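This is start38.tsv (TSV, C-alpha atoms).
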```tsv
chain	number	residue	atom	x	y	z
V	12	MET	CA	-74.96	-131.59	-5.71
V	13	GLN	CA	-72.37	-133.40	-3.61
V	14	PRO	CA	-72.38	-136.08	-0.93
V	15	GLY	CA	-72.58	-134.37	2.44
V	16	GLY	CA	-73.85	-131.20	0.84
V	17	GLY	CA	-76.40	-128.81	2.22
V	18	ASP	CA	-75.49	-126.58	5.14
V	19	MET	CA	-74.93	-122.98	4.10
V	20	PRO	CA	-72.93	-121.02	1.59
V	21	THR	CA	-70.02	-119.00	2.94
V	22	LEU	CA	-67.98	-115.86	2.29
V	23	GLY	CA	-68.72	-113.90	-0.87
V	24	LEU	CA	-71.59	-116.08	-2.06
V	25	LEU	CA	-73.33	-115.83	1.31
V	26	GLN	CA	-72.86	-112.07	1.26
V	27	GLN	CA	-74.36	-111.84	-2.21
V	28	ILE	CA	-77.32	-114.00	-1.16
V	29	GLU	CA	-77.90	-111.84	1.89
V	30	LYS	CA	-77.67	-108.73	-0.28
V	31	ASP	CA	-80.19	-109.97	-2.84
V	32	PHE	CA	-82.59	-111.97	-0.65
V	33	GLY	CA	-82.22	-110.38	2.76
V	34	SER	CA	-81.07	-113.56	4.43
V	35	TYR	CA	-80.14	-117.15	3.59
V	36	THR	CA	-83.39	-118.29	5.21
V	37	ASN	CA	-85.42	-116.04	2.96
V	38	PHE	CA	-83.57	-117.31	-0.10
V	39	LYS	CA	-84.21	-120.91	0.96
V	40	GLU	CA	-87.91	-120.16	1.43
V	41	LYS	CA	-88.18	-118.50	-1.98
V	42	PHE	CA	-86.37	-121.39	-3.66
V	43	ILE	CA	-88.69	-123.95	-2.07
V	44	GLU	CA	-91.68	-121.84	-3.04
V	45	ALA	CA	-90.52	-121.81	-6.66
V	46	VAL	CA	-90.25	-125.59	-6.58
V	47	LEU	CA	-93.70	-126.04	-5.10
V	48	THR	CA	-95.31	-123.71	-7.63
V	49	SER	CA	-93.73	-125.31	-10.69
V	50	PHE	CA	-96.01	-127.27	-13.02
V	51	GLY	CA	-94.90	-130.31	-14.97
V	52	SER	CA	-91.36	-131.15	-16.02
V	53	GLY	CA	-88.71	-128.51	-15.56
V	54	TRP	CA	-85.97	-127.02	-13.44
V	55	VAL	CA	-85.52	-124.33	-10.79
V	56	TRP	CA	-82.33	-122.26	-10.91
V	57	LEU	CA	-80.42	-119.78	-8.82
V	58	VAL	CA	-78.85	-117.51	-11.42
V	59	LEU	CA	-76.65	-114.44	-11.44
V	60	LYS	CA	-78.24	-111.73	-13.54
V	61	ARG	CA	-75.29	-110.27	-15.39
V	62	GLU	CA	-76.84	-106.91	-16.33
V	63	LYS	CA	-78.52	-106.34	-12.99
V	64	LYS	CA	-75.55	-107.79	-11.01
V	65	CYS	CA	-77.83	-109.64	-8.62
V	66	LEU	CA	-78.93	-113.18	-7.87
V	67	ALA	CA	-82.40	-114.40	-8.79
V	68	ILE	CA	-84.48	-117.57	-8.82
V	69	VAL	CA	-85.88	-118.65	-12.19
V	70	LYS	CA	-87.99	-121.57	-13.39
V	71	THR	CA	-87.63	-123.29	-16.74
V	72	THR	CA	-89.66	-125.98	-18.49
V	73	ASN	CA	-88.49	-129.32	-19.89
V	74	ALA	CA	-84.79	-129.00	-20.76
V	75	VAL	CA	-84.45	-125.25	-21.02
V	76	ASN	CA	-81.23	-123.87	-19.51
V	77	PRO	CA	-81.15	-120.15	-18.68
V	78	LEU	CA	-77.86	-119.89	-20.63
V	79	ILE	CA	-79.72	-120.21	-23.91
V	80	TRP	CA	-81.60	-117.00	-23.44
V	81	ASN	CA	-78.62	-114.70	-23.58
V	82	ASP	CA	-80.53	-111.62	-24.66
V	83	ILE	CA	-80.57	-108.11	-23.28
V	84	VAL	CA	-83.29	-108.82	-20.75
V	85	ARG	CA	-82.32	-112.36	-19.79
V	86	ASN	CA	-78.59	-112.65	-19.45
V	87	PHE	CA	-78.05	-115.21	-16.72
V	88	SER	CA	-75.24	-117.33	-15.32
V	89	PRO	CA	-76.51	-120.48	-13.57
V	90	ILE	CA	-75.26	-120.92	-10.00
V	91	ILE	CA	-77.31	-123.89	-8.80
V	92	SER	CA	-80.04	-125.97	-10.40
V	93	LEU	CA	-82.62	-128.49	-9.27
V	94	ASP	CA	-84.17	-131.06	-11.62
V	95	LEU	CA	-87.93	-131.19	-11.14
V	96	TRP	CA	-88.68	-133.89	-13.66
V	97	GLU	CA	-90.48	-136.71	-11.85
V	98	HIS	CA	-87.71	-139.17	-12.75
V	99	ALA	CA	-85.36	-137.16	-10.53
V	100	TYR	CA	-87.24	-137.92	-7.33
V	101	TYR	CA	-90.10	-140.34	-7.87
V	102	LEU	CA	-88.38	-143.56	-6.72
V	103	ASP	CA	-87.25	-141.91	-3.48
V	104	HIS	CA	-90.07	-139.52	-2.72
V	105	LYS	CA	-93.01	-140.54	-4.97
V	106	ASN	CA	-95.16	-137.46	-5.50
V	107	ASP	CA	-93.73	-135.54	-2.53
V	108	ARG	CA	-91.79	-132.75	-4.23
V	109	GLY	CA	-91.64	-130.85	-0.94
V	110	ALA	CA	-89.66	-133.67	0.72
V	111	TYR	CA	-87.33	-133.81	-2.29
V	112	VAL	CA	-86.46	-130.11	-2.27
V	113	LYS	CA	-85.97	-130.20	1.50
V	114	THR	CA	-83.53	-133.11	1.13
V	115	PHE	CA	-81.75	-131.19	-1.62
V	116	MET	CA	-81.41	-128.00	0.43
V	117	ASP	CA	-80.43	-129.77	3.66
V	118	HIS	CA	-78.17	-132.54	2.39
V	119	LEU	CA	-77.27	-132.30	-1.27
V	120	VAL	CA	-76.77	-128.83	-2.64
V	121	SER	CA	-73.11	-128.20	-3.34
V	122	TRP	CA	-72.26	-124.68	-2.22
V	123	ASP	CA	-68.67	-125.41	-3.26
V	124	ALA	CA	-69.75	-125.83	-6.87
V	125	ALA	CA	-71.96	-122.76	-6.57
V	126	THR	CA	-69.07	-120.71	-5.23
V	127	ALA	CA	-66.84	-121.85	-8.10
V	128	ARG	CA	-69.53	-120.86	-10.59
V	129	ILE	CA	-70.06	-117.41	-9.17
V	130	ALA	CA	-66.29	-116.90	-9.06
V	131	ARG	CA	-66.12	-117.77	-12.78
V	132	ALA	CA	-69.11	-115.54	-13.49
V	133	GLN	CA	-67.18	-112.65	-11.99
V	134	ALA	CA	-64.96	-112.79	-15.06
V	135	PHE	CA	-67.96	-111.30	-16.86
V	136	VAL	CA	-69.58	-109.31	-14.08
V	137	ASN	CA	-68.09	-106.90	-11.61
V	138	LEU	CA	-70.12	-107.53	-8.48
V	139	GLY	CA	-68.45	-105.06	-6.19
V	140	GLU	CA	-67.92	-101.35	-6.41
V	141	PRO	CA	-64.73	-100.50	-8.31
V	142	LYS	CA	-61.96	-99.49	-5.98
V	143	ILE	CA	-60.74	-96.29	-7.53
V	144	PRO	CA	-57.62	-95.06	-5.79
V	145	VAL	CA	-57.74	-91.44	-4.66
V	146	ALA	CA	-54.83	-89.43	-5.94
A	24	MET	CA	-90.18	-155.00	-6.47
A	25	ALA	CA	-93.58	-153.39	-6.44
A	26	LEU	CA	-95.61	-153.18	-3.30
A	27	ARG	CA	-98.69	-155.09	-4.39
A	28	THR	CA	-101.21	-153.19	-2.36
A	29	LEU	CA	-104.33	-155.03	-3.33
A	30	ILE	CA	-106.72	-152.80	-1.51
A	31	ASN	CA	-110.41	-153.34	-2.08
A	32	ARG	CA	-112.28	-150.69	-3.97
A	33	LYS	CA	-111.75	-147.54	-1.96
A	34	THR	CA	-114.48	-145.05	-1.56
A	35	LEU	CA	-112.65	-141.80	-1.46
A	36	THR	CA	-115.39	-139.33	-2.16
A	37	THR	CA	-114.84	-136.52	0.27
A	38	THR	CA	-118.05	-134.67	0.88
A	39	VAL	CA	-117.24	-131.04	0.33
A	40	PRO	CA	-119.81	-128.49	1.39
A	41	LEU	CA	-120.97	-126.17	-1.34
A	42	GLY	CA	-119.73	-122.65	-0.88
A	43	PHE	CA	-122.17	-119.78	-0.71
A	44	ARG	CA	-123.70	-118.69	-3.99
A	45	GLY	CA	-123.62	-122.37	-4.91
A	46	LEU	CA	-119.91	-122.63	-5.78
A	47	GLN	CA	-119.46	-126.16	-7.09
A	48	THR	CA	-116.51	-127.96	-5.57
A	49	PHE	CA	-115.12	-131.26	-6.71
A	50	SER	CA	-114.27	-134.56	-5.10
A	51	LEU	CA	-112.21	-137.55	-6.11
A	52	PRO	CA	-114.26	-140.00	-8.21
A	53	ASP	CA	-114.04	-143.69	-7.30
A	54	LEU	CA	-112.14	-146.00	-9.59
A	55	PRO	CA	-114.46	-148.49	-11.33
A	56	TYR	CA	-112.03	-151.31	-10.35
A	57	ASP	CA	-109.55	-152.26	-7.62
A	58	TYR	CA	-106.06	-150.74	-7.61
A	59	GLY	CA	-104.48	-154.08	-8.46
A	60	ALA	CA	-106.96	-155.02	-11.16
A	61	LEU	CA	-104.87	-153.70	-14.06
A	62	GLU	CA	-101.78	-155.75	-13.28
A	63	PRO	CA	-99.40	-156.67	-14.78
A	64	ALA	CA	-99.87	-153.83	-17.28
A	65	ILE	CA	-100.01	-151.17	-14.56
A	66	SER	CA	-99.03	-151.97	-10.99
A	67	GLY	CA	-101.40	-151.53	-8.05
A	68	GLU	CA	-98.83	-149.29	-6.38
A	69	ILE	CA	-98.87	-146.88	-9.31
A	70	MET	CA	-102.68	-146.92	-9.54
A	71	GLN	CA	-103.03	-146.12	-5.85
A	72	LEU	CA	-100.49	-143.27	-5.87
A	73	HIS	CA	-101.80	-141.94	-9.15
A	74	HIS	CA	-105.40	-141.90	-7.87
A	75	GLN	CA	-105.02	-141.02	-4.18
A	76	LYS	CA	-102.11	-138.60	-4.43
A	77	HIS	CA	-101.81	-137.09	-7.88
A	78	HIS	CA	-105.46	-136.90	-8.92
A	79	GLN	CA	-106.49	-135.86	-5.41
A	80	ALA	CA	-103.87	-133.06	-5.45
A	81	TYR	CA	-105.24	-131.70	-8.74
A	82	ILE	CA	-108.74	-131.69	-7.25
A	83	THR	CA	-107.64	-130.04	-4.00
A	84	ASN	CA	-105.74	-127.32	-5.85
A	85	TYR	CA	-108.51	-126.87	-8.39
A	86	ASN	CA	-111.06	-126.29	-5.62
A	87	LYS	CA	-108.68	-123.82	-3.99
A	88	ALA	CA	-108.18	-121.94	-7.26
A	89	LEU	CA	-111.94	-121.83	-7.85
A	90	GLU	CA	-112.53	-120.38	-4.39
A	91	GLN	CA	-109.87	-117.75	-4.98
A	92	LEU	CA	-111.38	-117.01	-8.38
A	93	ASP	CA	-114.81	-116.59	-6.84
A	94	ALA	CA	-113.45	-114.16	-4.26
A	95	ALA	CA	-111.46	-112.19	-6.85
A	96	THR	CA	-114.40	-112.02	-9.27
A	97	THR	CA	-116.66	-110.74	-6.53
A	98	LYS	CA	-114.16	-108.06	-5.59
A	99	GLY	CA	-113.59	-107.10	-9.21
A	100	ASP	CA	-109.89	-107.94	-8.82
A	101	ALA	CA	-109.04	-108.40	-12.49
A	102	SER	CA	-105.33	-109.07	-12.13
A	103	THR	CA	-105.91	-111.89	-9.63
A	104	VAL	CA	-108.57	-113.37	-11.91
A	105	VAL	CA	-106.06	-113.42	-14.76
A	106	LYS	CA	-103.25	-114.74	-12.60
A	107	LEU	CA	-105.40	-117.70	-11.50
A	108	GLN	CA	-105.98	-118.90	-15.07
A	109	SER	CA	-102.84	-121.04	-15.28
A	110	ALA	CA	-103.60	-122.75	-11.95
A	111	ILE	CA	-107.15	-123.43	-13.14
A	112	LYS	CA	-105.99	-124.79	-16.48
A	113	PHE	CA	-103.35	-126.99	-14.85
A	114	ASN	CA	-105.34	-128.35	-11.91
A	115	GLY	CA	-108.76	-128.35	-13.58
A	116	GLY	CA	-107.20	-129.95	-16.63
A	117	GLY	CA	-105.55	-132.53	-14.40
A	118	HIS	CA	-108.91	-133.39	-12.83
A	119	VAL	CA	-110.69	-133.60	-16.21
A	120	ASN	CA	-107.93	-135.65	-17.80
A	121	HIS	CA	-107.57	-138.17	-15.00
A	122	SER	CA	-111.34	-138.64	-14.68
A	123	ILE	CA	-111.39	-139.61	-18.35
A	124	PHE	CA	-108.28	-141.77	-17.94
A	125	TRP	CA	-109.75	-144.01	-15.19
A	126	ASN	CA	-112.65	-144.79	-17.54
A	127	ASN	CA	-110.26	-145.43	-20.40
A	128	LEU	CA	-108.81	-148.38	-18.48
A	129	ALA	CA	-110.46	-151.67	-17.53
A	130	PRO	CA	-109.31	-155.01	-16.13
A	131	VAL	CA	-108.86	-157.72	-18.73
A	132	HIS	CA	-111.75	-159.73	-17.28
A	133	GLU	CA	-114.01	-156.71	-17.76
A	134	GLY	CA	-113.12	-156.19	-21.40
A	135	GLY	CA	-109.81	-154.37	-21.09
A	136	GLY	CA	-107.86	-154.73	-24.31
A	137	GLU	CA	-110.79	-155.98	-26.39
A	138	PRO	CA	-110.78	-154.22	-29.76
A	139	PRO	CA	-113.57	-151.73	-30.47
A	140	LYS	CA	-116.56	-152.97	-32.41
A	141	GLY	CA	-119.38	-151.10	-34.06
A	142	SER	CA	-119.12	-147.60	-35.41
A	143	LEU	CA	-115.90	-146.65	-33.57
A	144	GLY	CA	-114.10	-149.72	-34.91
A	145	TRP	CA	-115.26	-148.92	-38.41
A	146	SER	CA	-114.28	-145.27	-38.06
A	147	ILE	CA	-110.81	-146.20	-36.81
A	148	ASP	CA	-110.25	-148.44	-39.85
A	149	ASN	CA	-111.47	-145.64	-42.06
A	150	SER	CA	-109.26	-142.94	-40.52
A	151	PHE	CA	-106.10	-144.89	-39.78
A	152	GLY	CA	-106.28	-148.02	-41.89
A	153	SER	CA	-106.50	-150.41	-38.98
A	154	LEU	CA	-106.57	-150.58	-35.19
A	155	GLU	CA	-102.91	-151.68	-35.26
A	156	ALA	CA	-101.99	-148.56	-37.22
A	157	LEU	CA	-103.79	-146.33	-34.71
A	158	ILE	CA	-102.07	-148.07	-31.79
A	159	GLN	CA	-98.72	-147.68	-33.52
A	160	LYS	CA	-99.34	-143.97	-34.12
A	161	MET	CA	-100.44	-143.22	-30.56
A	162	THR	CA	-97.57	-145.25	-29.11
A	163	THR	CA	-95.03	-143.41	-31.27
A	164	GLU	CA	-96.41	-139.97	-30.49
A	165	GLY	CA	-96.70	-140.75	-26.79
A	166	ALA	CA	-93.12	-141.97	-26.65
A	167	ALA	CA	-91.85	-138.92	-28.53
A	168	LEU	CA	-93.65	-136.37	-26.37
A	169	GLN	CA	-91.06	-134.22	-24.62
A	170	GLY	CA	-91.57	-133.70	-20.91
A	171	SER	CA	-94.96	-134.26	-19.33
A	172	GLY	CA	-98.24	-134.62	-21.20
A	173	TRP	CA	-100.94	-136.82	-22.73
A	174	VAL	CA	-101.60	-138.52	-26.03
A	175	TRP	CA	-105.24	-138.51	-27.18
A	176	LEU	CA	-107.58	-140.16	-29.63
A	177	ALA	CA	-110.27	-137.56	-30.23
A	178	LEU	CA	-113.30	-137.02	-32.39
A	179	ASP	CA	-113.22	-133.77	-34.32
A	180	LYS	CA	-116.91	-132.91	-34.39
A	181	GLU	CA	-116.47	-130.12	-36.89
A	182	PHE	CA	-114.73	-132.19	-39.55
A	183	LYS	CA	-116.34	-135.46	-38.43
A	184	ARG	CA	-113.12	-137.43	-38.21
A	185	LEU	CA	-110.87	-139.08	-35.65
A	186	VAL	CA	-107.56	-137.46	-34.80
A	187	VAL	CA	-104.55	-138.27	-32.67
A	188	GLU	CA	-103.29	-135.30	-30.65
A	189	THR	CA	-100.80	-134.68	-27.89
A	190	THR	CA	-101.03	-132.07	-25.18
A	191	ALA	CA	-98.41	-130.81	-22.75
A	192	ASN	CA	-98.70	-130.92	-18.97
A	193	GLN	CA	-102.40	-131.08	-18.11
A	194	ALA	CA	-103.79	-129.49	-21.24
A	195	SER	CA	-107.09	-130.82	-22.48
A	196	CYS	CA	-107.92	-131.07	-26.17
A	197	VAL	CA	-110.66	-128.47	-26.28
A	198	LEU	CA	-109.13	-124.98	-26.15
A	199	LEU	CA	-107.59	-123.40	-29.21
A	200	PHE	CA	-103.93	-122.91	-28.29
A	201	LEU	CA	-101.10	-125.42	-27.83
A	202	GLN	CA	-101.39	-126.36	-24.17
A	203	ASP	CA	-103.03	-128.61	-21.64
A	204	PRO	CA	-106.46	-130.33	-21.61
A	205	LEU	CA	-107.53	-131.76	-24.99
A	206	VAL	CA	-110.13	-129.02	-24.79
A	207	THR	CA	-107.25	-126.62	-25.32
A	208	LYS	CA	-106.37	-127.96	-28.77
A	209	GLY	CA	-109.72	-127.21	-30.34
A	210	PRO	CA	-113.22	-126.58	-29.05
A	211	SER	CA	-114.69	-129.17	-31.39
A	212	LEU	CA	-112.44	-131.99	-30.11
A	213	VAL	CA	-114.10	-134.65	-27.97
A	214	PRO	CA	-111.63	-136.86	-26.09
A	215	LEU	CA	-112.32	-140.57	-26.58
A	216	LEU	CA	-109.14	-142.05	-25.20
A	217	GLY	CA	-106.28	-140.39	-23.34
A	218	ILE	CA	-103.03	-141.94	-22.16
A	219	ASP	CA	-101.09	-140.22	-19.40
A	220	VAL	CA	-97.37	-140.10	-20.24
A	221	TRP	CA	-96.26	-138.09	-17.20
A	222	GLU	CA	-93.45	-140.02	-15.54
A	223	HIS	CA	-95.59	-140.61	-12.44
A	224	ALA	CA	-97.89	-142.76	-14.59
A	225	TYR	CA	-95.21	-145.40	-15.19
A	226	TYR	CA	-91.89	-144.69	-13.50
A	227	LEU	CA	-92.13	-147.00	-10.48
A	228	GLN	CA	-92.78	-149.96	-12.75
A	229	TYR	CA	-91.15	-149.17	-16.09
A	230	LYS	CA	-88.51	-146.66	-14.96
A	231	ASN	CA	-87.45	-144.57	-17.93
A	232	VAL	CA	-88.70	-147.07	-20.52
A	233	ARG	CA	-91.82	-145.21	-21.58
A	234	PRO	CA	-92.20	-147.30	-24.78
A	235	ASP	CA	-92.68	-150.47	-22.70
A	236	TYR	CA	-95.43	-148.76	-20.69
A	237	LEU	CA	-97.12	-147.68	-23.90
A	238	LYS	CA	-96.79	-151.15	-25.40
A	239	ASN	CA	-98.43	-152.78	-22.38
A	240	ILE	CA	-101.18	-150.30	-21.63
A	241	TRP	CA	-103.14	-151.41	-24.71
A	242	LYS	CA	-103.87	-154.66	-22.88
A	243	VAL	CA	-106.09	-152.76	-20.45
A	244	ILE	CA	-107.59	-150.08	-22.66
A	245	ASN	CA	-111.36	-149.90	-22.29
A	246	TRP	CA	-112.58	-149.53	-25.87
A	247	LYS	CA	-116.18	-149.98	-24.71
A	248	TYR	CA	-116.10	-146.62	-22.95
A	249	ALA	CA	-114.49	-144.92	-25.95
A	250	SER	CA	-117.20	-146.42	-28.18
A	251	GLU	CA	-119.94	-145.14	-25.89
A	252	VAL	CA	-118.58	-141.60	-25.99
A	253	PHE	CA	-118.13	-141.82	-29.76
A	254	GLU	CA	-121.66	-143.11	-30.35
A	255	LYS	CA	-123.14	-140.42	-28.18
A	256	GLU	CA	-121.51	-137.71	-30.32
A	257	ASN	CA	-122.17	-139.59	-33.53
A	258	PRO	CA	-125.66	-141.07	-33.30
```
So, in terms of structure tokens, how does the structure I just supplied come out?
Amino acid sequence: MQPGGGDMPTLGLLQQIEKDFGSYTNFKEKFIEAVLTSFGSGWVWLVLKREKKCLAIVKTTNAVNPLIWNDIVRNFSPIISLDLWEHAYYLDHKNDRGAYVKTFMDHLVSWDAATARIARAQAFVNLGEPKIPVA
Amino acid sequence: MALRTLINRKTLTTTVPLGFRGLQTFSLPDLPYDYGALEPAISGEIMQLHHQKHHQAYITNYNKALEQLDAATTKGDASTVVKLQSAIKFNGGGHVNHSIFWNNLAPVHEGGGEPPKGSLGWSIDNSFGSLEALIQKMTTEGAALQGSGWVWLALDKEFKRLVVETTANQASCVLLFLQDPLVTKGPSLVPLLGIDVWEHAYYLQYKNVRPDYLKNIWKVINWKYASEVFEKENP
């Protein structure tokens, strides 16, 4: 998160989102849907799937971070996260998780931090097609 | 700085028409006391939100899941039936648990906090040594529970003894695997007393200090109700 966050991602991250979700709007909808269908204490993440080389939305319970999985099937780099424990939003929004995620998406999410993370993740994952020079 | 909304007893029963084939739908039960009646242990603001928003949401979503289940069962849509199970366990469990919870609490002037007498009191001393020891155990386990859940005092009908259990999210102590309503912990477990340790149950008043919430809630625990349930199972 950052003050004055929200808005939209740009450049490479936006392209990747459009590639994997169709459009930023569709991604935003899917993210909000994941939040609204989460039970209890947990988190919702946008991750980069290292094997599949695509972005995905995952949910975790309590304090689970997708980094801990690190197996063949689940090999994820977190790009953004949203805390869904009630302590994260109750004083501001009471039970209204929908209002909380909307505030997060519109005003708080730090696409700068997300861009930095996906740039670092590209040390492990080659997202583009290799440019092989033709002899 | 709690908004002391001392609203008179609200009748919130929404009349829901029965679906065809007699599908039973559920409505929010009234509280047996005013929202502000449990202060200062639990604020009126929390009671109102907890009852009108959280419990109501479980009921609304439970009814929706039941309708979808009915439709899927009729169509023979097995995968939808299976997919609906977690929504039913979560929302149905939430409704069951909170209905028990409202009865587990009582204003001080109506006996809240008065120690149990009779057979339950005797059984508590027998199983835990003393009421203080039981309170200490439930407080400790409730404080240590990670994430959202409940701490229960239950009667194990099979082994004829009292047990303290915790369940995650909205599990009930009656099913056999580690989740949700106390029914989920064992089919022979009868919940006598449940304490909600989801953050929404205390955050506005106690912030992150769950132990303070647990320390104070004993002042409004309705042991009379727990005794009634116990005596019914243990005549």
Should the cut-off be 9 Å, what would the residue list for chain A against chain V look like, counting all atoms listed in the file, as a list in words?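 Written out as asked, the residues are Leu72, His73, Lys76, His77, Ala110, Phe113, Gln169, Gly170, Ser171, Gly172, Ala191, Asn192, Gln193, Trp221, Glu222, His223, Tyr226, Leu227, Lys230 and Asn231 of chain A.
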Ranking V:Asn37, V:Ser88, V:Met19, V:Val75 by minimum distance to Ala130 in chain V and counting all atoms listed in the file, which one comes first?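 Closest to Ala130 in chain V of all the choices is V:Ser88.
Of the listed residues (V:Leu47, V:Ile90, V:Leu25, V:Ile79), V:Ile90 comes nearest to Ala67 in chain V; the distances count all atoms listed in the file.
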Using all atoms listed in the file, determine which residues lie at most 12 Å from range 121-129 of chain V, disregarding the query and same-chain residues fewer than 4 positions distant; provide the list as a PyMOL selection string. chain V and resi 12-28+56-61+64-66+87-93+115-117+133-138
If you measure from CA of His118 in chain A to CA of Pro55 in chain A, what distance in Å do you get, rounded to one decimal?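 Pair CA of His118 in chain A / CA of Pro55 in chain A returns 16.2 Å.
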Test item: residues at most 9 Å from Thr83 in chain A, only C-alpha atoms, excluding those fewer than 6 positions along its chain, as an NGL selection string: :A and (49-50 or 114)
For Lys70 in chain V, find every residue with an atom within 9 Å (counting all atoms listed in the file), except residues of its own chain fewer than 2 positions away, and show them as a PyMOL selection string. chain V and resi 45-46+49+53-56+68+72+77
Expected answer as a PyMOL selection string: all residues with atoms within 12 Å of (-96.7, -152.6, -22.3), all atoms listed in the file: chain A and resi 61-66+136+158+162+225+228-229+232-244
Rounded to one decimal, what separation in Å do you get between CA of Ala249 in chain A and CA of Leu143 in chain A? 7.9 Å
Pairwise distance for CA of Glu133 in chain A and CA of Leu215 in chain A, rounded to one decimal in Å: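 Going from CA of Glu133 in chain A over to CA of Leu215 in chain A covers 18.5 Å.
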Quick one: everything within 8 Å of range 88-103 of chain A, counting all atoms listed in the file, minus sequence neighbours fewer than 5 positions away in the same chain. Send it as a PyMOL selection string. chain A and resi 46+48+110-111
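Candidate residues V:Leu95, V:Val69, V:Ile143, V:Ile43 were compared for distance to Gly109 in chain V, and the nearest is V:Ile43, using all atoms listed in the file.
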